[in-house]
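Peer 1: Okay, here's the structure, questions in a sec.
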Amino acid sequence: MVPGMMLNGRYQVVRKLGEGGEGEIFVARDTEKGQDVAIKLQPARTFESLATYADYGRYIGQEHDRMWDVLEIKGIPRVFDRGTFGRSDRQFLVMELVDGVTLAQWIAEHEPVSAMAAVSVVAQLCEILDRLHAKAYIHRDVTPNNTMIQFDGCVRLLDVGIAVRSDDLNTAPGGSPGYAAPEQFDRQARLTPQVDVFALGALLFQMVIGQLPYDGVEYPFDGAERAFPAGARATMPDDLRSLGLAMVSLDPRQRPRGAAEVLRYLRPMLPALGSAASPKATRPDPTAHYRRGL
């Protein structure tokens, strides 16, 4: 796909944003509405039969349906349209374009992140996930690459591609090593919101101390008994550390019950409404969400 190409007769490709295992992302211009959008395109066909390739495309369709079902949740990009492209009928989604940086980029630029900035990121994700959990969905892939910080400091959660309903008893194993809870690799386990709590805890440690809690432990956590088996390389405030360790417990029963409970613990650590930004504030600054009452 090249700049200038038109999809569905209205989306004109502007440039490529990136790519991953689940597809390529492009910026396109919606010529009917006069606004920029994001296009997620199924990976190109290689040696698969047309029937197999079409079957792979169902994941794009499933993501469209999930995004449509959670359309009203603030913090998750809106989905607008879907279609096919080319002779192999590559599936694509048309989504809201989020203007900001990925959490992975932000961490790389500012690591180690201050505790208050990290808490502001996790708390905003809790607000989004609590609404998602209320819709009976579990995200299953809360990672730095699937999180963005807008330039106004508001956090957005991307990619509901492997999200599942909490009542789904036939969930295939999956998730990103370092952030996925151990039960995500157990076909017999029934997944709960504690899956996303685990990922939030891993994010918290990655931001504040630059280390994931199970670094060096081979999935699915064979032989691991606790977080940081070789010891953590840095310190963090005691109350935040205690909460983080509970969030990444290997036993989901030892974790907070959901995003709302995590948020209750975090509220006393958040910046006060109307408070001034730190002289060392990052750009973008996630504390602005709470300081300005956004």
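Letters for chains follow the order of the structure tokens (A, B, ...), residue numbers begin at 1 for each chain, and ligand numbers begin at 1 in the order shown.
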Taking 2 positions as the minimum chain separation for residues in the same chain, which residues sit within 7 Å of region 111-114 of chain A when counting only C-alpha atoms? Answer as a compact mmCIF listing (two decimals) with N, CA and C atoms, in the first residue's frame.

Peer 2:
```txt
# COMPACT_ATOMS: atom_id res chain seq x y z
N ILE A 107 8.63 5.81 27.94
CA ILE A 107 9.50 5.20 28.95
C ILE A 107 10.96 5.30 28.51
N ALA A 108 11.22 4.98 27.24
CA ALA A 108 12.59 5.02 26.74
C ALA A 108 13.20 6.41 26.87
N GLU A 109 12.38 7.44 26.72
CA GLU A 109 12.89 8.81 26.79
C GLU A 109 13.06 9.31 28.23
N MET A 116 5.06 9.58 40.69
CA MET A 116 3.79 10.26 40.46
C MET A 116 3.37 10.17 39.00
N ALA A 117 4.30 10.28 38.07
CA ALA A 117 3.97 10.15 36.66
C ALA A 117 3.51 8.73 36.35
N ALA A 118 4.21 7.73 36.90
CA ALA A 118 3.84 6.34 36.67
C ALA A 118 2.46 6.03 37.25
N MET A 207 8.09 1.12 34.54
CA MET A 207 8.24 2.57 34.50
C MET A 207 9.15 3.10 35.61
N VAL A 208 8.91 2.63 36.84
CA VAL A 208 9.57 3.25 37.99
C VAL A 208 10.97 2.72 38.23
N ILE A 209 11.19 1.41 38.05
CA ILE A 209 12.52 0.87 38.34
C ILE A 209 13.21 0.30 37.10
N GLY A 210 12.51 0.36 35.94
CA GLY A 210 13.14 -0.11 34.72
C GLY A 210 13.35 -1.60 34.66
```

Peer 1: From a backbone DSSP assignment, name each residue in region 89-259 of chain A labelled alpha helix (DSSP H), as a PyMOL selection string.

Peer 2: chain A and resi 103-110+115-134+194-209+238-247+259

Peer 1: Rounded to one decimal place, report the CA of Leu157 (chain A)-CA of Met67 (chain A) distance in Å.

Peer 2: 11.6 Å

Peer 1: For the atom pair CA of Ala281 (chain A) and CA of Gly231 (chain A), what is the interatomic distance in Å to one decimal place?

Peer 2: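 Separation between CA of Ala281 (chain A) and CA of Gly231 (chain A): 28.8 Å.
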
Peer 1: Taking only C-alpha atoms into account, name the residue in A:Ala180, A:Met247, A:Leu103, A:Val121 that is nearest to Asn145 (chain A).

Peer 2: A:Leu103

Peer 1: May I have all residues of region 71-206 of chain A that DSSP, computed from the backbone, assigns to strand (DSSP E or B), given as number ranges by chain?

Peer 2: A: 79-85, 90-96, 100-102, 137-138, 147-150, 155-157, 164-165

Peer 1: Between A:Met269, A:Val262, A:Ile162, A:Val13, which residue has the minimum interatomic distance to Ile60 (chain A), considering only C-alpha atoms?

Peer 2: A:Ile162

Peer 1: Within 8 Å of Leu203 (chain A), counting only C-alpha atoms, which residues qualify if same-chain residues fewer than 2 places away don't, as a list in words?

Peer 2: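 Final neighbour list, sorted by chain and number: Val122, Thr143, Pro144, Tyr179, Ala199, Leu200, Gly201, Phe205, Gln206, Met207 and Leu212 of chain A.
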
Peer 1: For the residues in the current selection, export C-alpha atoms as a CSV table (one decimal), in the first residue's frame.

Peer 2:
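Written out: part.csv:
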```
chain,number,residue,atom,x,y,z
A,122,VAL,CA,-1.6,3.4,35.7
A,143,THR,CA,1.6,-3.3,27.4
A,144,PRO,CA,3.7,-0.2,26.6
A,179,TYR,CA,3.1,-8.5,31.0
A,199,ALA,CA,-0.2,-6.3,33.4
A,200,LEU,CA,-0.7,-3.0,35.2
A,201,GLY,CA,1.6,-4.1,38.0
A,205,PHE,CA,7.6,-1.6,37.8
A,206,GLN,CA,8.9,-1.2,34.2
A,207,MET,CA,8.2,2.6,34.5
A,212,LEU,CA,9.9,-6.3,34.9
```

Peer 1: Where does region 73-107 of chain A meet region 34-39 of chain A within 6 Å, residue by residue, with the nearest atom pair and distance in Å to one decimal for each, counting only C-alpha atoms, listed by chain and rising number, as a Markdown table?

Peer 2:
```
| residue | atom | partner | partner_atom | distance |
| --- | --- | --- | --- | --- |
| A:Leu93 | CA | A:Ile39 | CA | 5.6 |
| A:Val94 | CA | A:Ile39 | CA | 4.8 |
| A:Met95 | CA | A:Ala38 | CA | 5.0 |
| A:Glu96 | CA | A:Val37 | CA | 5.3 |
| A:Leu97 | CA | A:Val37 | CA | 4.7 |
```

Peer 1: Out of A:Val248, A:Cys126, A:Ala272, A:Ala44, which residue has the shortest atom-to-atom distance to Phe92 (chain A) when counting only C-alpha atoms?

Peer 2: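 With only C-alpha atoms as the atom set, the closest residue is A:Ala44.
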
Peer 1: Taking only C-alpha atoms into account, name the residue in A:Met148, A:Leu50, A:Asp141, A:Arg190 that is nearest to Gly175 (chain A).

Peer 2: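 Of A:Met148, A:Leu50, A:Asp141, A:Arg190, the one nearest Gly175 (chain A) is A:Asp141, counting only C-alpha atoms.
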
Peer 1: Counting only C-alpha atoms, figure out which residue out of A:Thr192, A:Gln12, A:Thr287, A:Gln150 gets nearest to Ala163 (chain A).

Peer 2: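 Closest residue, counting only C-alpha atoms: A:Thr192.
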
Peer 1: For Gly23 (chain A), which residue among A:Asp159, A:Trp68, A:Gly153, A:Leu125 is the nearest when counting only C-alpha atoms?

Peer 2: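 Answer, going by the shortest atom-to-atom distance: A:Asp159.
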
Peer 1: As JSON, numbers by chain, please: the residues near Lys40 (chain A) (cut-off 12 Å, only C-alpha atoms, same-chain neighbours under 4 positions excluded).

Peer 2: {"A": [1, 7, 13, 16, 17, 18, 19, 20, 21, 22, 23, 24, 25, 26, 27, 28, 44, 57, 59, 60, 61, 63, 64, 79, 80, 81, 82, 83, 84, 85, 90, 91, 92, 93, 94, 95, 96, 97, 158, 159, 161]}

Peer 1: Residues as selected, C-alpha atoms, written as a PDB file, in the first residue's frame, can you do that?

Peer 2:
```pdb
ATOM      1  CA  MET A   1       0.000   0.000   0.000  1.00  0.00           C
ATOM      2  CA  LEU A   7      -9.598   2.424   0.098  1.00  0.00           C
ATOM      3  CA  VAL A  13      -3.467   6.624   2.352  1.00  0.00           C
ATOM      4  CA  LYS A  16       2.762   4.202   7.082  1.00  0.00           C
ATOM      5  CA  LEU A  17       2.938   4.408  10.873  1.00  0.00           C
ATOM      6  CA  GLY A  18       4.310   0.980  11.718  1.00  0.00           C
ATOM      7  CA  GLU A  19       3.735  -2.740  11.666  1.00  0.00           C
ATOM      8  CA  GLY A  20       3.618  -5.780  13.909  1.00  0.00           C
ATOM      9  CA  GLY A  21       2.540  -9.387  13.976  1.00  0.00           C
ATOM     10  CA  GLU A  22      -1.118  -8.443  13.735  1.00  0.00           C
ATOM     11  CA  GLY A  23      -0.843  -6.077  10.786  1.00  0.00           C
ATOM     12  CA  GLU A  24       0.352  -2.787   9.349  1.00  0.00           C
ATOM     13  CA  ILE A  25      -0.859   0.633  10.521  1.00  0.00           C
ATOM     14  CA  PHE A  26      -1.304   3.571   8.152  1.00  0.00           C
ATOM     15  CA  VAL A  27      -2.505   7.156   8.434  1.00  0.00           C
ATOM     16  CA  ALA A  28      -5.205   7.905   5.889  1.00  0.00           C
ATOM     17  CA  ALA A  44       0.243  -9.477   3.479  1.00  0.00           C
ATOM     18  CA  GLY A  57      -8.629 -12.247   8.296  1.00  0.00           C
ATOM     19  CA  TYR A  59      -9.250 -11.713  13.532  1.00  0.00           C
ATOM     20  CA  ILE A  60      -9.602  -8.247  12.016  1.00  0.00           C
ATOM     21  CA  GLY A  61     -13.350  -8.777  11.878  1.00  0.00           C
ATOM     22  CA  GLU A  63     -11.462  -6.856  16.576  1.00  0.00           C
ATOM     23  CA  HIS A  64     -13.938  -4.648  14.699  1.00  0.00           C
ATOM     24  CA  VAL A  79     -13.771   2.208  15.209  1.00  0.00           C
ATOM     25  CA  PHE A  80     -15.415   3.719  12.131  1.00  0.00           C
ATOM     26  CA  ASP A  81     -15.413   1.225   9.284  1.00  0.00           C
ATOM     27  CA  ARG A  82     -13.972  -1.976   7.813  1.00  0.00           C
ATOM     28  CA  GLY A  83     -13.304  -3.345   4.340  1.00  0.00           C
ATOM     29  CA  THR A  84     -11.021  -5.406   2.110  1.00  0.00           C
ATOM     30  CA  PHE A  85      -8.092  -4.454  -0.109  1.00  0.00           C
ATOM     31  CA  ARG A  90      -6.784  -8.176   2.885  1.00  0.00           C
ATOM     32  CA  GLN A  91      -9.043  -7.133   5.741  1.00  0.00           C
ATOM     33  CA  PHE A  92      -8.669  -3.673   7.254  1.00  0.00           C
ATOM     34  CA  LEU A  93     -10.127  -1.564  10.033  1.00  0.00           C
ATOM     35  CA  VAL A  94     -10.645   2.190  10.032  1.00  0.00           C
ATOM     36  CA  MET A  95     -10.100   3.660  13.495  1.00  0.00           C
ATOM     37  CA  GLU A  96      -9.650   6.909  15.335  1.00  0.00           C
ATOM     38  CA  LEU A  97      -6.133   8.284  14.942  1.00  0.00           C
ATOM     39  CA  LEU A 158      -5.112   0.405  22.117  1.00  0.00           C
ATOM     40  CA  ASP A 159      -5.613  -2.953  20.445  1.00  0.00           C
ATOM     41  CA  GLY A 161      -7.436  -7.739  19.202  1.00  0.00           C
TER      42      GLY A 161
END
```

Peer 1: Find the residues near Gln194 (chain A): any atom within 10 Å, counting only C-alpha atoms, skip ones fewer than 5 places away on the same chain, and give them as a short mmCIF file (atom, residue, chain, number, x, y, z; two decimals) with C-alpha atoms, in the first residue's frame.

Peer 2:
```
data_model
loop_
_atom_site.label_atom_id
_atom_site.label_comp_id
_atom_site.auth_asym_id
_atom_site.auth_seq_id
_atom_site.Cartn_x
_atom_site.Cartn_y
_atom_site.Cartn_z
CA ILE A 138 -10.72 -8.64 29.61
CA ARG A 140 -5.26 -9.45 27.98
CA ALA A 181 -0.38 -13.29 33.78
CA GLU A 183 -3.20 -18.04 33.85
CA ALA A 199 -0.20 -6.35 33.44
CA LEU A 200 -0.73 -3.01 35.19
CA MET A 247 -0.67 -6.84 41.59
CA VAL A 248 1.93 -9.19 40.06
CA SER A 249 1.33 -12.11 42.39
CA ASP A 251 -1.79 -16.39 42.34
CA PRO A 252 -4.64 -14.22 40.99
CA ARG A 253 -6.45 -14.58 44.33
CA GLN A 254 -3.66 -12.55 45.95
CA ARG A 255 -4.05 -9.63 43.53
CA PRO A 256 -6.53 -6.73 43.84
CA ARG A 257 -9.89 -7.87 42.51
CA GLY A 258 -9.97 -5.45 39.62
CA ALA A 259 -8.97 -2.08 38.19
#
```

Peer 1: Excluding same-chain residues fewer than 2 positions from Tyr214 (chain A), what lies within 10 Å of it counting only C-alpha atoms, as a list in words?

Peer 2: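 Once the adjacent positions are removed, what remains is Pro177, Gly178, Tyr179, Ala202, Gln211, Leu212, Gly216, Val217, Glu218, Tyr219, Phe221, Ala224, Glu225, Arg226, Ala227, Phe228, Pro229, Ala230 and Val248 of chain A.
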
Peer 1: Would you put the residues from that selection into a file with N, CA and C atoms, as a tab-separated table (two decimals), in the first residue's frame?

Peer 2:
```tsv
chain	number	residue	atom	x	y	z
A	177	PRO	N	4.86	-11.74	26.73
A	177	PRO	CA	5.74	-12.11	27.84
A	177	PRO	C	6.22	-10.88	28.60
A	178	GLY	N	6.23	-11.00	29.91
A	178	GLY	CA	6.61	-9.89	30.77
A	178	GLY	C	5.41	-9.18	31.34
A	179	TYR	N	4.29	-9.20	30.59
A	179	TYR	CA	3.07	-8.50	31.01
A	179	TYR	C	1.87	-9.44	31.15
A	202	ALA	N	3.01	-4.99	36.21
A	202	ALA	CA	4.26	-5.10	35.45
A	202	ALA	C	4.63	-3.75	34.83
A	211	GLN	N	12.52	-2.36	35.36
A	211	GLN	CA	12.70	-3.80	35.43
A	211	GLN	C	11.33	-4.49	35.54
A	212	LEU	N	11.14	-5.53	34.76
A	212	LEU	CA	9.91	-6.31	34.87
A	212	LEU	C	10.04	-7.31	36.01
A	216	GLY	N	13.82	-12.84	33.11
A	216	GLY	CA	14.63	-14.05	33.13
A	216	GLY	C	13.88	-15.32	33.46
A	217	VAL	N	12.60	-15.21	33.81
A	217	VAL	CA	11.80	-16.39	34.11
A	217	VAL	C	11.11	-16.83	32.83
A	218	GLU	N	11.29	-18.09	32.47
A	218	GLU	CA	10.71	-18.58	31.22
A	218	GLU	C	9.22	-18.84	31.40
A	219	TYR	N	8.45	-18.37	30.42
A	219	TYR	CA	7.01	-18.62	30.48
A	219	TYR	C	6.76	-20.09	30.24
A	221	PHE	N	6.22	-19.34	33.62
A	221	PHE	CA	6.65	-19.13	34.99
A	221	PHE	C	7.11	-20.41	35.68
A	224	ALA	N	9.12	-20.30	39.12
A	224	ALA	CA	9.06	-19.00	39.79
A	224	ALA	C	8.11	-19.08	40.99
A	225	GLU	N	8.49	-18.45	42.07
A	225	GLU	CA	7.65	-18.43	43.26
A	225	GLU	C	7.23	-17.02	43.63
A	226	ARG	N	7.99	-16.04	43.21
A	226	ARG	CA	7.69	-14.65	43.58
A	226	ARG	C	8.30	-13.71	42.54
A	227	ALA	N	7.87	-12.47	42.61
A	227	ALA	CA	8.43	-11.47	41.71
A	227	ALA	C	9.87	-11.15	42.08
A	228	PHE	N	10.63	-10.74	41.09
A	228	PHE	CA	12.04	-10.37	41.26
A	228	PHE	C	12.83	-11.47	41.99
A	229	PRO	N	12.85	-12.68	41.43
A	229	PRO	CA	13.57	-13.77	42.09
A	229	PRO	C	15.05	-13.49	42.30
A	230	ALA	N	15.63	-12.64	41.43
A	230	ALA	CA	17.04	-12.30	41.59
A	230	ALA	C	17.23	-10.96	42.30
A	248	VAL	N	1.25	-8.21	40.92
A	248	VAL	CA	1.93	-9.19	40.06
A	248	VAL	C	2.10	-10.54	40.76
```

Peer 1: For CA of Pro284 (chain A) and CA of Phe151 (chain A), quote the distance in Å rounded to one decimal.

Peer 2: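 Interatomic distance, CA of Pro284 (chain A) to CA of Phe151 (chain A): 5.1 Å.
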